[in-house]
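Source file: my_file-v1.txt; contents: compact mmCIF, C-alpha atoms.
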```
# COMPACT_ATOMS: atom_id res chain seq x y z
CA MET E 284 -24.77 49.52 11.29
CA LYS E 285 -25.61 51.04 14.65
CA ASN E 286 -27.68 47.98 15.56
CA ILE E 287 -24.82 45.67 14.54
CA THR E 288 -22.36 47.67 16.67
CA LEU E 289 -24.68 47.55 19.71
CA ALA E 290 -25.16 43.83 19.21
CA LEU E 291 -21.40 43.30 19.14
CA ILE E 292 -20.92 45.37 22.30
CA TRP E 293 -23.69 43.45 24.07
CA SER E 294 -22.15 40.14 23.00
CA VAL E 295 -18.78 41.18 24.45
CA ILE E 296 -20.45 42.19 27.74
CA LEU E 297 -22.26 38.83 27.98
CA LEU E 298 -19.06 36.94 27.18
CA PHE E 299 -17.11 38.89 29.80
CA SER E 300 -19.81 38.29 32.41
CA ALA E 301 -19.83 34.58 31.68
CA CYS E 302 -16.11 34.43 32.39
CA GLN E 303 -16.48 36.01 35.82
CA PRO E 304 -16.88 33.87 38.96
CA ASP E 305 -20.45 33.50 40.18
CA SER E 306 -20.83 36.31 42.69
CA ASN E 307 -23.35 34.22 44.64
CA LYS E 308 -20.75 31.52 45.28
CA LYS E 309 -19.10 31.72 48.70
CA TYR E 310 -15.76 29.97 49.03
CA ILE E 311 -13.68 29.10 52.06
CA ASN E 312 -10.24 27.44 51.96
CA VAL E 313 -9.65 25.06 54.85
CA GLY E 314 -6.39 23.29 55.66
CA MET E 315 -6.39 19.58 56.48
CA VAL E 316 -3.70 17.01 57.27
CA ASP E 317 -4.42 13.68 55.59
CA GLY E 318 -4.18 10.77 58.01
CA TRP E 319 -5.02 12.85 61.11
CA ALA E 320 -8.39 11.24 61.83
CA GLU E 321 -10.01 13.91 63.99
CA GLY E 322 -9.04 16.75 61.65
CA VAL E 323 -10.25 14.88 58.57
CA ALA E 324 -13.56 14.01 60.25
CA MET E 325 -14.26 17.54 61.51
CA THR E 326 -13.32 19.12 58.19
CA TYR E 327 -15.66 16.90 56.19
CA VAL E 328 -18.49 17.50 58.66
CA ALA E 329 -17.95 21.27 58.35
CA LYS E 330 -17.93 20.90 54.56
CA ALA E 331 -21.29 19.10 54.65
CA VAL E 332 -22.87 21.77 56.86
CA LEU E 333 -21.46 24.72 54.92
CA GLU E 334 -22.70 23.32 51.63
CA GLU E 335 -26.20 23.33 53.12
CA MET E 336 -25.62 27.00 53.95
CA GLY E 337 -24.65 27.81 50.36
CA TYR E 338 -20.88 27.88 50.85
CA GLN E 339 -18.23 25.87 49.08
CA LEU E 340 -15.45 24.55 51.28
CA VAL E 341 -12.21 23.87 49.42
CA ILE E 342 -9.89 21.46 51.26
CA GLN E 343 -6.18 22.23 51.08
CA ARG E 344 -4.11 19.19 52.08
CA ALA E 345 -0.71 19.91 53.61
CA THR E 346 1.40 19.53 56.76
CA PRO E 347 0.48 21.56 59.88
CA ASP E 348 3.47 23.89 59.39
CA MET E 349 2.50 24.59 55.79
CA ILE E 350 -1.14 25.19 56.70
CA LEU E 351 -0.29 27.60 59.51
CA ALA E 352 2.19 29.48 57.31
CA SER E 353 -0.39 29.72 54.53
CA MET E 354 -2.98 31.09 56.97
CA ASN E 355 -0.48 33.57 58.34
CA ASN E 356 0.09 34.79 54.77
CA GLY E 357 -3.66 35.10 54.18
CA ASP E 358 -3.92 32.31 51.60
CA THR E 359 -5.71 29.68 53.72
CA ASP E 360 -8.79 30.77 55.65
CA LEU E 361 -9.07 28.27 58.46
CA TYR E 362 -7.66 25.16 60.17
CA MET E 363 -9.73 23.00 62.55
CA ASP E 364 -7.03 20.85 64.16
CA VAL E 365 -4.74 23.03 66.30
CA TRP E 366 -3.81 21.28 69.57
CA LEU E 367 -3.02 23.55 72.53
CA PRO E 368 -1.30 24.32 74.78
CA LEU E 369 1.56 21.87 74.14
CA THR E 370 1.37 20.10 70.78
CA HIS E 371 1.16 23.11 68.48
CA GLY E 372 1.98 25.86 70.98
CA SER E 373 5.47 26.55 69.65
CA LYS E 374 4.22 26.43 66.06
CA ILE E 375 1.40 28.92 66.66
CA ALA E 376 3.81 31.30 68.41
CA LYS E 377 5.73 31.74 65.13
CA PHE E 378 2.73 33.20 63.31
CA PRO E 379 1.31 36.55 64.54
CA ASN E 380 -1.51 36.74 61.98
CA LEU E 381 -3.58 33.83 63.31
CA VAL E 382 -6.77 34.09 65.37
CA ASP E 383 -8.26 31.53 67.77
CA ILE E 384 -12.04 31.48 67.19
CA GLY E 385 -13.13 28.45 69.18
CA THR E 386 -12.60 25.05 70.83
CA SER E 387 -14.05 22.10 68.94
CA TYR E 388 -12.93 19.41 71.42
CA ALA E 389 -11.88 19.90 75.04
CA HIS E 390 -10.76 16.40 76.01
CA ALA E 391 -7.75 15.68 73.80
CA ARG E 392 -4.65 13.89 75.03
CA ASN E 393 -1.20 12.88 73.81
CA GLY E 394 0.85 10.06 75.27
CA LEU E 395 2.82 6.87 75.00
CA VAL E 396 0.42 3.99 74.49
CA VAL E 397 0.73 0.20 74.80
CA PRO E 398 -1.70 -2.69 74.20
CA ASP E 399 -3.62 -3.60 77.35
CA TYR E 400 -1.82 -6.97 77.67
CA VAL E 401 1.54 -5.25 78.25
CA PRO E 402 1.98 -5.36 82.07
CA ILE E 403 3.34 -1.87 82.68
CA ASN E 404 1.47 1.32 83.54
CA SER E 405 4.01 4.15 83.59
CA ILE E 406 6.61 5.69 81.29
CA GLU E 407 9.13 5.21 84.11
CA GLU E 408 8.73 1.43 83.77
CA LEU E 409 10.01 1.53 80.19
CA LYS E 410 13.55 1.63 81.61
CA THR E 411 13.32 -1.94 82.90
CA HIS E 412 11.79 -3.38 79.72
CA VAL E 413 14.09 -2.02 77.02
CA ASP E 414 14.69 -5.39 75.37
CA GLN E 415 11.00 -6.33 75.24
CA PHE E 416 10.31 -3.09 73.35
CA ASN E 417 13.39 -3.49 71.15
CA HIS E 418 14.73 -0.11 72.31
CA GLN E 419 12.17 1.76 70.21
CA ILE E 420 9.01 3.84 70.31
CA MET E 421 6.95 3.89 67.15
CA GLY E 422 6.19 7.51 66.23
CA ILE E 423 4.56 9.36 63.37
CA GLU E 424 5.73 12.16 61.04
CA LYS E 425 8.87 14.07 62.05
CA GLY E 426 7.18 17.46 61.85
CA ALA E 427 4.32 16.57 64.19
CA GLY E 428 3.99 18.23 67.58
CA ILE E 429 3.76 14.89 69.37
CA THR E 430 7.05 13.84 67.76
CA ALA E 431 8.89 16.71 69.44
CA ALA E 432 7.13 15.90 72.72
CA VAL E 433 8.27 12.26 72.55
CA ASP E 434 11.87 13.37 71.92
CA ARG E 435 11.60 15.56 75.00
CA THR E 436 10.14 12.65 76.98
CA LEU E 437 13.10 10.41 76.12
CA LYS E 438 15.43 13.03 77.64
CA ASP E 439 13.25 13.79 80.66
CA TYR E 440 13.05 10.12 81.65
CA ASP E 441 16.59 9.27 80.46
CA LEU E 442 15.27 6.44 78.32
CA ASN E 443 17.59 4.32 76.19
CA TYR E 444 15.07 4.27 73.33
CA ARG E 445 14.92 5.76 69.87
CA GLN E 446 11.79 7.13 68.25
CA VAL E 447 11.09 5.52 64.88
CA ASN E 448 9.36 8.09 62.67
CA SER E 449 7.48 7.40 59.45
CA SER E 450 3.77 8.18 59.20
CA THR E 451 0.55 7.87 61.16
CA VAL E 452 -0.61 5.06 58.87
CA ALA E 453 2.65 3.16 59.32
CA MET E 454 2.51 3.53 63.11
CA ILE E 455 -1.05 2.19 63.27
CA THR E 456 -0.22 -0.69 60.93
CA GLU E 457 2.74 -1.69 63.12
CA LEU E 458 0.55 -1.45 66.21
CA GLN E 459 -2.13 -3.67 64.66
CA ASN E 460 0.44 -6.25 63.58
CA ALA E 461 2.02 -6.32 67.04
CA ILE E 462 -1.35 -6.89 68.69
CA LYS E 463 -2.12 -9.79 66.35
CA GLU E 464 1.17 -11.39 67.39
CA LYS E 465 0.87 -10.35 71.06
CA ARG E 466 4.20 -8.52 70.82
CA TRP E 467 5.24 -5.73 73.13
CA ILE E 468 5.05 -2.34 71.46
CA VAL E 469 4.88 1.28 72.59
CA VAL E 470 3.63 4.00 70.26
CA ALA E 471 3.15 7.74 70.26
CA ALA E 472 -0.63 8.15 70.12
CA TRP E 473 -3.44 10.51 70.97
CA GLN E 474 -7.12 10.78 71.70
CA PRO E 475 -9.48 11.35 70.02
CA HIS E 476 -8.68 8.60 67.52
CA TRP E 477 -10.57 5.59 66.17
CA MET E 478 -7.72 3.26 67.21
CA PHE E 479 -9.07 3.34 70.78
CA GLY E 480 -12.43 2.08 69.52
CA LYS E 481 -10.90 -0.80 67.56
CA MET E 482 -8.03 -1.89 69.82
CA LYS E 483 -7.63 -2.39 73.57
CA LEU E 484 -5.01 0.19 74.48
CA LYS E 485 -3.86 2.15 77.51
CA PHE E 486 -1.89 5.33 78.08
CA LEU E 487 1.24 5.04 80.19
CA GLU E 488 1.22 7.38 83.17
CA ASP E 489 3.42 10.44 82.67
CA PRO E 490 4.30 11.79 86.14
CA ARG E 491 6.74 14.34 84.69
CA GLU E 492 4.03 15.59 82.29
CA SER E 493 6.55 15.61 79.46
CA LEU E 494 3.75 14.91 77.00
CA GLY E 495 1.46 17.48 78.59
CA THR E 496 -1.85 16.99 80.34
CA ALA E 497 -5.21 17.78 78.80
CA GLU E 498 -5.10 19.36 75.34
CA GLN E 499 -7.80 21.34 73.57
CA ILE E 500 -8.42 21.17 69.84
CA LYS E 501 -8.79 24.72 68.59
CA ILE E 502 -10.02 26.31 65.37
CA PHE E 503 -7.78 29.06 64.01
CA THR E 504 -8.27 31.47 61.12
CA ARG E 505 -6.23 34.05 59.27
CA LYS E 506 -6.34 37.46 60.96
CA GLN E 507 -8.84 39.17 58.64
CA PHE E 508 -11.28 36.27 58.49
CA PRO E 509 -13.58 37.18 61.45
CA ALA E 510 -14.21 40.68 60.03
CA GLU E 511 -14.72 39.42 56.48
CA GLN E 512 -16.79 36.35 57.34
CA PRO E 513 -18.81 37.03 60.52
CA GLU E 514 -21.42 34.34 59.72
CA LEU E 515 -18.78 31.66 59.26
CA THR E 516 -16.84 32.85 62.29
CA ARG E 517 -19.98 32.54 64.41
CA PHE E 518 -20.60 29.03 63.05
CA PHE E 519 -17.06 27.75 63.65
CA SER E 520 -16.94 29.34 67.11
CA GLN E 521 -19.91 27.14 68.07
CA VAL E 522 -18.72 23.85 66.52
CA HIS E 523 -18.01 21.40 69.35
CA PHE E 524 -17.94 17.66 69.96
CA ASP E 525 -18.15 15.81 73.25
CA VAL E 526 -16.34 12.53 73.86
CA ALA E 527 -19.22 10.30 72.72
CA THR E 528 -20.08 12.20 69.54
CA MET E 529 -16.44 12.46 68.52
CA ALA E 530 -15.90 8.73 69.08
CA ASN E 531 -19.01 7.96 67.03
CA LEU E 532 -17.90 10.23 64.20
CA LEU E 533 -14.38 8.81 64.08
CA MET E 534 -15.58 5.20 63.93
CA LYS E 535 -18.06 6.03 61.15
CA MET E 536 -15.38 7.82 59.14
CA GLU E 537 -12.80 5.07 59.61
CA GLU E 538 -15.24 2.45 58.31
CA SER E 539 -16.17 4.61 55.31
CA LYS E 540 -14.81 4.46 51.78
CA ASP E 541 -16.49 7.78 50.92
CA LYS E 542 -15.80 10.23 53.73
CA GLU E 543 -17.72 13.07 52.11
CA SER E 544 -20.93 11.02 51.87
CA THR E 545 -20.43 9.62 55.37
CA ALA E 546 -20.05 13.14 56.77
CA LYS E 547 -23.30 14.22 55.09
CA GLN E 548 -25.09 11.23 56.55
CA TRP E 549 -23.60 11.90 60.00
CA VAL E 550 -24.80 15.51 59.83
CA ALA E 551 -28.31 14.33 58.92
CA GLU E 552 -28.31 11.91 61.86
CA HIS E 553 -27.07 14.55 64.32
CA ARG E 554 -29.29 17.42 63.25
CA SER E 555 -29.95 18.65 66.79
CA LEU E 556 -26.24 19.05 67.50
CA VAL E 557 -25.59 20.68 64.12
CA ASN E 558 -28.47 23.10 64.67
CA SER E 559 -26.85 24.21 67.92
CA TRP E 560 -23.80 25.29 65.88
CA LEU E 561 -26.01 27.43 63.64
CA ARG E 562 -27.75 29.54 66.27
```

Would you kindly transcribe this structure into C-alpha cells?
Amino acid sequence: MKNITLALIWSVILLFSACQPDSNKKYINVGMVDGWAEGVAMTYVAKAVLEEMGYQLVIQRATPDMILASMNNGDTDLYMDVWLPLTHGSKIAKFPNLVDIGTSYAHARNGLVVPDYVPINSIEELKTHVDQFNHQIMGIEKGAGITAAVDRTLKDYDLNYRQVNSSTVAMITELQNAIKEKRWIVVAAWQPHWMFGKMKLKFLEDPRESLGTAEQIKIFTRKQFPAEQPELTRFFSQVHFDVATMANLLMKMEESKDKESTAKQWVAEHRSLVNSWLR
C-alpha cells in the first residue's frame, strides 16, 4: 500500500512538472507594425539571431500607440521602430516607463515625395500646381507620426491640399499606379524603405522643416527590461544598420514570400555584422 501511495504521489509530481513551462526557454515579446518595412525587417532579423542564442521572440502585431502603451504597462518587452525626435516624440512623452537602449539606424528621414519626372523640387512649389496634384497628398494610417507631421506641413505652408489617409499599402499602390501612367502624385513617405530601390523618387525640399530633419530609429524597452535581461539589452544596444545594409535588407524582404526564412538567410550572409552585435 505504501509503495502504491508513493507511486501515485510521484505520478502527480511528474504530471505537474510536465504542465509547467520549460524553464530553459527564454521568451521575449516584441511589438511590430505590419506594413512598416524597416520595422518588420529588423524584427525578423532580431528573431533569427535570438533563436540562435536560445531565445524565442514572440511578435506582437499592433499599432505604434498600442505597442508603446503595452510596453509602458510592462506587457510588451521591446519595440525596434521608434522614430525620434519628431515622428514619435510626442507619443513617447506620454509613457514614463519606457527606456531608450540604442539606435539601430541613424539616417532616417520623413518627407513629401514625388516621382522624379515631376518638375518641382520644393514643398513651396506645391502651391502653384494644385490642379496637377488634384488638391491631395496621399498619406498612410491616421495614427502614424508622419500623418500628424503632414497635417502640420499643410498649415505651415498654407497649402490648399487635403491629406488622403488609408494605409501604407494603399499609398504605395497608388504611387505605383501613378508612375505607370506618368501622373503627378505627391505622397507622405520615408527612408529607409524599399520603394526608393524600386521607383525613381525624390524628396521635396522642406525649408520650414515642418517634417523634421534627420530622424533616428531607436529601440525602446519597458522600464524593467534592462535589469531583467542584461544579455538581451546588450545585444539590442549594439544592433545597427548603415544605409547600404538596410537598403539590401529591405529589398530582400520585399521580394520574399517567407520573411522569416529570408531573415535567417540574410543573417547567415552578414555574419560579420551580426557578430559585432554579439560582442

### Task
Skip stretch 342-359 of chain E itself and residues of its chain fewer than 2 positions away, then list as an MDAnalysis selection string all residues within 7 Å of it, counting all atoms listed in the file.
chainID E and resid 312:317 340 361 378 380:381 504:505

Residue neighbourhood E:Asp441, 12 Å, only C-alpha atoms, exclusion window fewer than 6 positions, as an mmCIF file with C-alpha atoms, in the coordinates of the input:
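Final file, selection.cif:
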```cif
data_model
loop_
_atom_site.group_PDB
_atom_site.id
_atom_site.type_symbol
_atom_site.label_atom_id
_atom_site.label_comp_id
_atom_site.auth_asym_id
_atom_site.auth_seq_id
_atom_site.Cartn_x
_atom_site.Cartn_y
_atom_site.Cartn_z
ATOM 1 C CA ILE E 406 6.610 5.690 81.290
ATOM 2 C CA GLU E 407 9.130 5.210 84.110
ATOM 3 C CA GLU E 408 8.730 1.430 83.770
ATOM 4 C CA LEU E 409 10.010 1.530 80.190
ATOM 5 C CA LYS E 410 13.550 1.630 81.610
ATOM 6 C CA THR E 411 13.320 -1.940 82.900
ATOM 7 C CA VAL E 433 8.270 12.260 72.550
ATOM 8 C CA ASP E 434 11.870 13.370 71.920
ATOM 9 C CA ARG E 435 11.600 15.560 75.000
ATOM 10 C CA ARG E 491 6.740 14.340 84.690
ATOM 11 C CA SER E 493 6.550 15.610 79.460
#
```

## Note on the structure
What separates atom CA of E:Lys463 and atom CA of E:Asn417 is a distance of 17.4 Å

### Query
Expressed in Å to a single decimal, how great is the separation between atom CA of E:Gln339 and atom CA of E:Tyr327?
11.7 Å

### Query
From the list E:Leu437, E:Val452, E:Leu395, E:Val332, which residue is nearest E:Leu487 when using all atoms listed in the file?
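Residue with the minimum atom-to-atom distance to E:Leu487: E:Leu395.
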
### Query
atom CA of E:Trp319 and atom CA of E:Glu552, how far apart in Å?
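Going from atom CA of E:Glu552 over to atom CA of E:Trp319, I get 23.3 Å.
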
### Query
Taking into account all atoms listed in the file, which residue in the set E:Ala510, E:Ile502, E:Met454, E:Ala320 is nearest to E:Ala389?
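Distance minimum relative to E:Ala389 lands on E:Ile502.
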
#### Entry: Residue nearest E:Phe524 - candidates E:Ala431, E:Val341, E:Val557, E:Ile468, atoms counted: all atoms listed in the file
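Checking each of E:Ala431, E:Val341, E:Val557, E:Ile468 against E:Phe524, counting all atoms listed in the file, the winner is E:Val557.
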
#### Entry: Nearest candidate to E:Ala391 (options E:Val526, E:Leu484, E:Ala329, E:Ala497; using only C-alpha atoms)
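Answer, going by the shortest atom-to-atom distance: E:Ala497.
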
For E:Leu369, work out the shell of residues within 12 Å, counting all atoms listed in the file and skipping chain neighbours fewer than 6 positions away, then give it as a PDB file with C-alpha atoms, keeping the file's coordinate frame.
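Output file result-v5.pdb is given in full below:
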```pdb
ATOM      1  CA  ILE E 375       1.400  28.920  66.660  1.00  0.00           C
ATOM      2  CA  ALA E 376       3.810  31.300  68.410  1.00  0.00           C
ATOM      3  CA  ALA E 391      -7.750  15.680  73.800  1.00  0.00           C
ATOM      4  CA  ARG E 392      -4.650  13.890  75.030  1.00  0.00           C
ATOM      5  CA  ASN E 393      -1.200  12.880  73.810  1.00  0.00           C
ATOM      6  CA  GLY E 394       0.850  10.060  75.270  1.00  0.00           C
ATOM      7  CA  ALA E 427       4.320  16.570  64.190  1.00  0.00           C
ATOM      8  CA  GLY E 428       3.990  18.230  67.580  1.00  0.00           C
ATOM      9  CA  ILE E 429       3.760  14.890  69.370  1.00  0.00           C
ATOM     10  CA  THR E 430       7.050  13.840  67.760  1.00  0.00           C
ATOM     11  CA  ALA E 431       8.890  16.710  69.440  1.00  0.00           C
ATOM     12  CA  ALA E 432       7.130  15.900  72.720  1.00  0.00           C
ATOM     13  CA  VAL E 433       8.270  12.260  72.550  1.00  0.00           C
ATOM     14  CA  ARG E 435      11.600  15.560  75.000  1.00  0.00           C
ATOM     15  CA  GLU E 492       4.030  15.590  82.290  1.00  0.00           C
ATOM     16  CA  SER E 493       6.550  15.610  79.460  1.00  0.00           C
ATOM     17  CA  LEU E 494       3.750  14.910  77.000  1.00  0.00           C
ATOM     18  CA  GLY E 495       1.460  17.480  78.590  1.00  0.00           C
ATOM     19  CA  THR E 496      -1.850  16.990  80.340  1.00  0.00           C
ATOM     20  CA  ALA E 497      -5.210  17.780  78.800  1.00  0.00           C
ATOM     21  CA  GLU E 498      -5.100  19.360  75.340  1.00  0.00           C
ATOM     22  CA  GLN E 499      -7.800  21.340  73.570  1.00  0.00           C
ATOM     23  CA  ILE E 500      -8.420  21.170  69.840  1.00  0.00           C
TER      24      ILE E 500
END
```
